[in-house]
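A.B. asks: Below is the structure I would like to discuss, written out as structure tokens.
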Protein chains: 2
Amino acid sequence: MNNQLKVCLTPALLPLYNAEDYIVVIIDIFRATTSICYGIENGATAIIPVSEVEECIAYREKESAYLVAAERDGEIVAGFDFGNSPFSYTKEKVAGKTIVLTTTNGTHALHLSRKAKKIVIGSFLNLTSLCAWLKVQNENILLVCSGWKGNFNLEDTLFAGAVVDQLKSGDFSTDDPAIAANDLYQIAKDDLDGYLKKTSHSERLKKLGIEKDIEFCLKVDLTTAIPVLEGDSLVNLQ
Amino acid sequence: MNNQLKVCLTPALLPLYNAEDYIVVIIDIFRATTSICYGIENGATAIIPVSEVEECIAYREKESAYLVAAERDGEIVAGFDFGNSPFSYTKEKVAGKTIVLTTTNGTHALHLSRKAKKIVIGSFLNLTSLCAWLKVQNENILLVCSGWKGNFNLEDTLFAGAVVDQLKSGDFSTDDPAIAANDLYQIAKDDLDGYLKKTSHSERLKKLGIEKDIEFCLKVDLTTAIPVLEGDSLVNLQ
């Protein structure tokens, strides 16, 4: 019996899956899971994802050494150390630190997947490293796209397609969303940035002045760390 | 200000849209909306979509001249006149008749869209006729894919893509699902049947012995009637 490789296109569809049957990969390309991969690669001790800005503040009050990162609708919340830009997650800033992070979409998807066998974090930055690990787990895999405000977005779907592309030579059964994601990735893979320029989301992010972030978020295999959820924290998979 | 052209990939995502701002097109290619288009084209007076098999029975008891059609999980419910096969909706069987229909996915999507400005029914059978009408409405358009058990499916998405393809020369803003649907349609359009053969859903339907239905459901522009919801009934748009 082969394993399943499925794609959940938005967190709103998570109730249709039994997360407990899967290793779940959380995907939020612009920009939460990219920044998490980069932060863990750069030596952050842990990244604690939370749903609400208030929880971030509570962590800070408990432990002043924590860095707190909060973003709503693509912008840093006033009074926080930083938001979601991967350029905030450099060695200089995060090595040896614990970061408490809340984001609009990614944290939400992660919390809805709590029952999974294991939760790992994916982005173009750690694509091949992640896929190499997934290939040898002999488990069902569910790729969860965080989407935009609960709905489908192209960038997360393209990354899911990139994972399907790397795993499809293995012994996996795919569902319709996985087939669609892979086919869209085949169209886009030679020029991810160009392809995504036609999306409305890209327009929104451009208005926020984060074009350099977007370019960075589409860099493939810049890192090898695989962030994994242990308790309440994302840490480097050992 | 141009109009919006959006695609709702599954009924589970309908709460993310304000249906009242749109003309909604309901899509359930295998096979409810195909059969509805064919039935209305062939002179059915009205098709009444209902959610539950019990409602179908109640209609039959009220008015014995009604034909009742019920399907669950792709099979005709015992004791009913017919299910969802388009071959049941020929002139000989349906001309001048009222049919009460319940299906697994399509009726559900339709009921969730009740608040729309107008609800029309789309399938490959009436593609060009439907698009010609949509083009001149000067309204926002929401293409609602019925999906499979609440989740994304390829055949409904491809049809949504076919509509986007015909409307994209017009003055519409598209969202990410519309861009994805259109791109998938570009891959599949020269051999819809071949493309869909790789889906798991196609395998499921094949097991039910309805390969001829599937072939029929992918015929483009066989009909011109546009079924529209008036009160509780789908009738021919005048």
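Every chain in the structure tokens takes a letter, A first, then B, and so on in the order presented; its residues are numbered from 1, and the ligands are numbered from 1 following the presented order.
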Excluding same-chain residues fewer than 4 positions from Tyr66 in chain B, what lies within 7 Å of it counting only C-alpha atoms, as a list in words?

C.D. replies: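 Contacts, with the query itself left out: Arg60, Lys97, Thr98, Ile99 and Val100 of chain B.
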
A.B. asks: Select, as a ChimeraX atom specification, those residues of chain B with any atom no more than 6 Å from chain A (distances computed using only C-alpha atoms).

C.D. replies: /B:153-154,176,199

A.B. asks: With distances taken over only C-alpha atoms, which residue among A:Leu110, A:Leu208, A:Ile121, A:Ile48 lies nearest Asp73 in chain A?

C.D. replies: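 Closest to Asp73 in chain A of all the choices is A:Leu208.
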
A.B. asks: Using DSSP on the backbone, list every residue of chain B that comes out as helix (DSSP H, G or I), and give them as a VMD selection string.

C.D. replies: chain B and resid 11 to 16 19 to 21 32 to 41 53 to 62 86 to 88 91 to 94 106 to 112 124 to 135 154 to 167 176 to 196 200 to 207 211 to 217

A.B. asks: I'd like the contact shell of Thr224 in chain A - 8 Å cut-off, only C-alpha atoms, skipping same-chain residues fewer than 2 positions apart - returned as a compact mmCIF listing (two decimals) with N, CA and C atoms, in the first residue's frame.

C.D. replies:
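Ended up saving to around_16.txt:
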# COMPACT_ATOMS: atom_id res chain seq x y z
N GLU A 41 17.79 28.32 10.29
CA GLU A 41 19.09 28.13 9.62
C GLU A 41 20.16 29.01 10.26
N LEU A 125 13.27 28.17 0.23
CA LEU A 125 14.63 28.18 0.79
C LEU A 125 15.12 26.77 1.14
N ASN A 126 14.24 25.93 1.71
CA ASN A 126 14.69 24.59 2.14
C ASN A 126 14.04 23.46 1.32
N THR A 128 14.69 21.36 -1.33
CA THR A 128 15.28 20.04 -1.61
C THR A 128 15.62 19.29 -0.34
N SER A 129 16.09 20.03 0.67
CA SER A 129 16.40 19.41 1.95
C SER A 129 15.13 18.81 2.57
N LEU A 130 14.05 19.57 2.54
CA LEU A 130 12.76 19.11 3.06
C LEU A 130 12.29 17.86 2.30
N ASP A 221 16.63 26.58 -2.34
CA ASP A 221 17.72 25.83 -1.72
C ASP A 221 18.85 26.70 -1.18
N LEU A 222 18.48 27.79 -0.58
CA LEU A 222 19.46 28.66 0.07
C LEU A 222 19.83 28.09 1.45
N ILE A 226 15.46 22.14 8.61
CA ILE A 226 14.02 21.84 8.56
C ILE A 226 13.43 22.16 9.93

A.B. asks: According to DSSP computed on the backbone, where in range 33-233 of chain A is there strand (DSSP E)? Give the residues as a PyMOL selection string.

C.D. replies: chain A and resi 46-50+67-72+75-76+98-102+118-122+140-145+172-174+227-230+233

A.B. asks: With a distance cut-off of 10 Å and only C-alpha atoms, select the neighbouring residues of Lys91 in chain B, excluding the residue or stretch itself and same-chain residues fewer than 6 positions from it, and output the selection as a list in words.

C.D. replies: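 Skipping anything fewer than 6 positions along the chain leaves Tyr38, Gly39, Ile40, Glu41, Asn42, Gly43, Ala44 and Lys97 of chain B.
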
A.B. asks: Neighbours of Gly79 in chain A within 12 Å (only C-alpha atoms; same-chain residues fewer than 5 positions away dropped), as a list in words?

C.D. replies: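 Here the answer would be Val53, Cys56, Ile57, Arg60, Leu67, Val68, Ala69, Ala70 and Glu71 of chain A.
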
A.B. asks: Can you spit out the residues from that selection as an mmCIF file, in the first residue's frame, using C-alpha atoms?

C.D. replies:
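Contents of result.cif, freshly written:
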data_model
loop_
_atom_site.group_PDB
_atom_site.id
_atom_site.type_symbol
_atom_site.label_atom_id
_atom_site.label_comp_id
_atom_site.auth_asym_id
_atom_site.auth_seq_id
_atom_site.Cartn_x
_atom_site.Cartn_y
_atom_site.Cartn_z
ATOM 1 C CA VAL A 53 -0.684 39.721 18.998
ATOM 2 C CA CYS A 56 3.177 37.753 21.781
ATOM 3 C CA ILE A 57 2.988 40.532 24.321
ATOM 4 C CA ARG A 60 7.577 39.291 26.138
ATOM 5 C CA LEU A 67 12.336 38.786 20.470
ATOM 6 C CA VAL A 68 8.746 39.411 19.447
ATOM 7 C CA ALA A 69 7.608 39.537 15.863
ATOM 8 C CA ALA A 70 4.100 40.483 14.818
ATOM 9 C CA GLU A 71 2.530 41.312 11.528
#

A.B. asks: Quick one: residues within 9 Å of Ala116 in chain B, only C-alpha atoms, excluding same-chain residues fewer than 4 positions away - as a list of chain:residue names?

C.D. replies: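 My reading of the contact set: B:Asn18, B:Ala19, B:Glu20, B:Asp21, B:Tyr22, B:Ile23, B:Val24.
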